[in-house]
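Enquirer: Once you've had a glance at the structure underneath, I'll fire off some questions.
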Amino acid sequence: MNKTWNNKAWFMVLPVLLIVAMNAVVPLMTVVNYSVQDTFGNNVFFFEGARWFREVLESERFHNALFRQFSYTFIILAIEIPLGVGIALAMPRSGVWASVCLVLMALPLLIPWNVVGAMWNIFALPDIGLLGYTINAMGIDYNFTSQPISAWITMVLMDVWHWTSLVVLLAYAGLRSIDDAYYQAARIDAASRWSVFRYIQLPKLKHVLTIAFLLRFMDSFMIYTEPFVLTGGGPGNSTTLLSIDLVKAGLGEFNLGIAASMSIIYFLMTLLVCWLFYTLTMQGEKE
Amino acid sequence: MNRYRWLVPTLYILFLMLPIYWLVSMSFKTTNEILGGFSLWPSEFTVESYVKILTDSTWYSGYINSIAYVALNTVISVSFALPAAYAFSRYRFLGDKHLFFWLLTNRMAPPAVFALPFLQLYSAMGLFDTHLAVALAHCLFNIPLAVWILEGFMSGVPKEIDETAYIDGYSFPKFFVKIFMPLISSGIGVTAFFCFMFSWVELLLAKTLTTVEAKPIAAIMTKTASSSGYELGLLAAAGVLTIVPGAIVIWFVRNHIAKGFAMGRV
């Protein structure tokens with residue numbers, strides 16, 4: 001759409017700008033302040049420069065949390081994106097069943113995040129939970145509160161349960177927008193199922209899959225509540241993701257300088273990905 | 001192969017329903033039965049947990065609090081976002097692209113980063129432990145999202161409609177309310193749904209900003225879980241009740257939900 005140049009449009013944006021700025025700029029400045037200062041209490045602060053940043057960037061603990069975070073994000077993306085597309089391809093195109101599928105699939109997205117964590121906790125408990133009991137009954141030793149591997153599997157399974165539907169819904173919306181004429185043309189050409197997918201469906205899905213990929217990337221990157229309620233970061237530190245570590249440092253140990261500089265580094269990383277996201281989707285819209 | 005296609009979504013939905021089933025079945029069991037061992041089905045069917053939640057004010061006030069700040073947030077987000085989204089979809093202005101990008105970055109900001117500064121900010125404003133504080137805090141990610149979705153839906157409306165309305169002598173506010181808003185009503189519905197959803201499921205900020213008066217139900221659950229031992233039945237019942245409002249609103253937007261998740265951009 002060709003838009004008219006009109007600077008008065010600023011007045012329409014102003015309320016949004018003010019309310020978001022209050023929420024975003026003030027807290028961000030507070031964090032920046034903490035990240036370069038130290039205190040001995042009594043609200044007396046003195047300037048520390050880049051000390052906290054150096055300390056965070058050099059600490060083993062931060063490297064480990066970051067490594068766990070990237071592994072987690074990579075694993076769930078590798079599972080959720082192909083699975084979501086596969087399910088969307090198999091879904092009924094329209095009618096009552098399509099509605100029923102959509103409503104049931106969207107249900108996990110509307111459950112408060114700590115309830116998701118608590119629900120999976122009792123679902124996976126080895127002695128009284130359905131999942132834990134069944135796995136143990138099959139002769140596999142499984143206990144997510146004491147074995148790091150089990151904890152990881154449970155955490156990943158929980159995220160797949162919680163968020164695959166988002167990918168399904170996006171891919172489904174993309175598939176629905178394909179004109180029937182394309183499929184008819186493919187039938188005339190006697191195209192195989194694979195080439196229909198490869199040359200008709202996949203190109204149309206490119207745009208929505210970019211959204212899905214980056215939404216999932218960012219949301220899993222800042223995930224906190226579900227794994228925290230499920231495992232509390234344990235056993236040991238094996239499931240302490242970046243956010244959990246951050247809250248531990250800030251609110252738990254009250255290490256404001258460290259927590260704040262971690263926040264800044266964290267924020268810069270999401271900002272980078274966000275910029276990537278924006279550029280890619282805007283490009284997609286131009287095409 | 002096509003004959004067995006229905007199996008894939010069916011199996012997936014089955015997988016989705018299993019933990020929910022477990023939660024529901026647990027909410028009808030007595031605490032003794034839960035801790036006593038494994039059983040697929042409640043042997044002593046009891047609604048005691050639900051009765052306790054719906055009659056004890058420390059429990060049900062949590063639901064009222066949650067619904068209050070979620071509703072407040074939805075109204076604020078949608079009404080603020082409407083004019084802004086219109087501006088983004090119809091006009092070019094100084095710094096528009098930067099502004100849009102900056103708004104989006106707030107959708108991506110990890111709440112963990114903001115929890116502590118938010119506490120200080122809202123305490124300083126004297127809003128600590130009020131519904132308004134949580135509603136305003138959730139605007140951080142809901143307003144950008146609302147602007148984004150609405151802009152997608154609005155861009156789908158041809159500009160000629162605006163121009164025709166002006167030629168017909170409509171003033172801008174009259175045009176916006178009488179002609180434009182009905183045209184994007186499904187978009188507004190979907191946006192409201194998403195604001196509801198993200199405000200309803202978020203807990204970290206809601207918990208940080210409240211103590212007693214405005215404490216959300218989800219936070220009451222975690223508190224009770226630690227203070228009164230391990231009352232799993234009660235916890236499960238409270239969990240089931242937090243799913244209900246979501247299930248209700250989802251039904252209203254079922255036909256638009258897929259497009260909404262694609263941010264109105266398909």
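Following the order of the structure tokens, chains are lettered A, B, ..., residues in each are numbered from 1, and ligands are numbered from 1.
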So which residues touch Asp159 of chain A within 9 Å, counting only C-alpha atoms, skipping near sequence neighbours fewer than 3 positions away, as a list in words?

Expert: Ile76, Glu80, Thr154, Met155, Val156, His162, Trp163, Thr164, Ser220, Glu226 and Pro227 of chain A

Enquirer: Using only C-alpha atoms, which residues sit within 12 Å of Ile200 of chain A once same-chain residues fewer than 2 positions away are excluded, as a count of residues only?

Expert: 26

Enquirer: Give me the chain A side of the contact with chain B, cut-off 6 Å, one line per residue showing its nearest atom pair and distance in Å at one decimal, counting only C-alpha atoms, sorted by chain and residue number, as CSV.

Expert:
```
residue,atom,partner,partner_atom,distance
A:Lys3,CA,B:Tyr91,CA,5.0
A:Thr4,CA,B:Tyr91,CA,5.0
A:Trp5,CA,B:Arg92,CA,4.6
A:Asn6,CA,B:Phe93,CA,5.5
A:Asn7,CA,B:Phe93,CA,4.7
A:Ala9,CA,B:Ala87,CA,5.4
A:Met12,CA,B:Ala84,CA,5.1
A:Val13,CA,B:Ala84,CA,4.4
A:Val16,CA,B:Phe80,CA,5.9
A:Val20,CA,B:Leu140,CA,5.6
A:Asn23,CA,B:Leu140,CA,5.8
A:Pro27,CA,B:Pro117,CA,4.8
A:Ile87,CA,B:Pro9,CA,5.9
A:Ala90,CA,B:Arg5,CA,5.6
A:Leu110,CA,B:Gly246,CA,5.3
A:Ile111,CA,B:Ile243,CA,5.4
A:Pro112,CA,B:Val201,CA,3.7
A:Trp113,CA,B:Val201,CA,5.5
A:Val115,CA,B:Gly239,CA,5.8
A:Phe123,CA,B:Pro19,CA,6.0
A:Ile128,CA,B:Phe38,CA,4.8
A:Leu169,CA,B:Ala258,CA,5.1
A:Leu170,CA,B:Ala262,CA,5.4
A:Ala173,CA,B:Ala258,CA,5.1
A:Met222,CA,B:Pro110,CA,5.1
A:Ser263,CA,B:Val113,CA,5.3
```

Enquirer: Write out the residues from the selection above, keeping C-alpha atoms, as a compact mmCIF listing (two decimals), in the first residue's frame.

Expert:
```txt
# COMPACT_ATOMS: atom_id res chain seq x y z
CA LYS A 3 1.18 5.52 2.30
CA THR A 4 0.87 9.28 2.49
CA TRP A 5 3.55 11.25 4.27
CA ASN A 6 1.91 12.93 7.25
CA ASN A 7 3.75 13.87 10.41
CA ALA A 9 0.20 10.74 12.56
CA MET A 12 -2.01 8.97 17.11
CA VAL A 13 1.11 7.12 18.15
CA VAL A 16 1.31 4.24 22.93
CA VAL A 20 5.48 1.85 26.61
CA ASN A 23 7.44 0.76 31.12
CA PRO A 27 13.35 0.21 34.18
CA ILE A 87 0.60 -31.79 11.92
CA ALA A 90 -2.42 -33.52 8.10
CA LEU A 110 -3.90 -20.40 27.39
CA ILE A 111 -2.83 -22.12 30.57
CA PRO A 112 -0.90 -19.91 33.00
CA TRP A 113 2.77 -20.77 32.76
CA VAL A 115 0.20 -24.10 36.07
CA PHE A 123 2.27 -35.63 35.61
CA ILE A 128 2.28 -41.01 41.51
CA LEU A 169 -1.57 -22.69 13.98
CA LEU A 170 0.87 -20.53 12.05
CA ALA A 173 -2.91 -20.26 8.53
CA MET A 222 13.48 -15.87 27.84
CA SER A 263 20.37 -8.39 32.12
```

Enquirer: Write out as a list in words the residues lying within 12 Å of Thr73 of chain A, counting only C-alpha atoms and excluding same-chain residues fewer than 3 positions away.

Expert: Leu66, Phe67, Arg68, Gln69, Phe70, Ile76, Leu77, Ala78, Ile79, Glu80, Ile81, Met155, Val156, Asp159, Val160, Phe213, Leu214, Leu215, Arg216, Phe217, Met218, Asp219, Ser220, Phe221, Met222, Ile223, Leu241 and Leu242 of chain A

Enquirer: May I have the residues within 9 Å of Thr211 of chain B as JSON, numbers by chain, using only C-alpha atoms and disregarding those fewer than 4 positions away in the same chain?

Expert: {"B": [128, 129, 207, 215]}

Enquirer: As a list of chain:residue names, please: the residues near segment 134-145 of chain A (cut-off 10 Å, only C-alpha atoms, same-chain neighbours under 2 positions excluded).

Expert: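 My reading of the contact set: A:Asn121, A:Ala124, A:Leu125, A:Pro126, A:Asp127, A:Ile128, A:Gly129, A:Leu130, A:Leu131, A:Gly132, A:Gln147, A:Pro148, A:Ile149, A:Ser150, A:Ala151, A:Trp152, A:Ile153, A:Thr154, A:Met155, A:Leu230, A:Thr231, A:Gly232, A:Gly234, A:Pro235, A:Gly236, B:Phe38.
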
Enquirer: Just list the residues in segment 4-96 of chain B DSSP gives alpha helix (DSSP H) on the backbone, as a PyMOL selection string.

Expert: chain B and resi 7-27+31-36+48-55+57-90+96

Enquirer: Could you give me, as a list in words, the residues within 8 Å of Val134 of chain B, counting only C-alpha atoms and dropping anything in the same chain fewer than 3 positions from it?

Expert: Tyr69, Thr130, His131, Ala137, His138, Leu205, Ala206, Leu209 and Thr210 of chain B

Enquirer: List the spatial neighbours of segment 62-65 of chain A as a VMD selection string - criterion: any atom at most 10 Å away, only C-alpha atoms, same-chain residues fewer than 6 positions off excluded.

Expert: chain A and resid 55 to 56 71 237 to 246 262

Enquirer: Nearest to Ile220 of chain B: which of B:Leu234, B:Val51, B:Val177, B:Val190 is it, counting only C-alpha atoms?

Expert: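 Distance minimum relative to Ile220 of chain B lands on B:Leu234.
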
Enquirer: From the set B:Lys178, B:Val75, B:Glu163, B:Ala124, which residue has the shortest atom-to-atom contact distance to Val26 of chain A, counting only C-alpha atoms?

Expert: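 With only C-alpha atoms as the atom set, the closest residue is B:Ala124.
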
Enquirer: Please measure the separation of atom CA of Thr164 of chain B and atom CA of Ser185 of chain B, giving the value in Å to one decimal.

Expert: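 About the pair atom CA of Thr164 of chain B and atom CA of Ser185 of chain B: they are 19.7 Å apart.
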
Enquirer: At what distance in Å, to one decimal, does atom CA of Gly233 of chain A lie from atom CA of Trp161 of chain A?

Expert: 19.4 Å
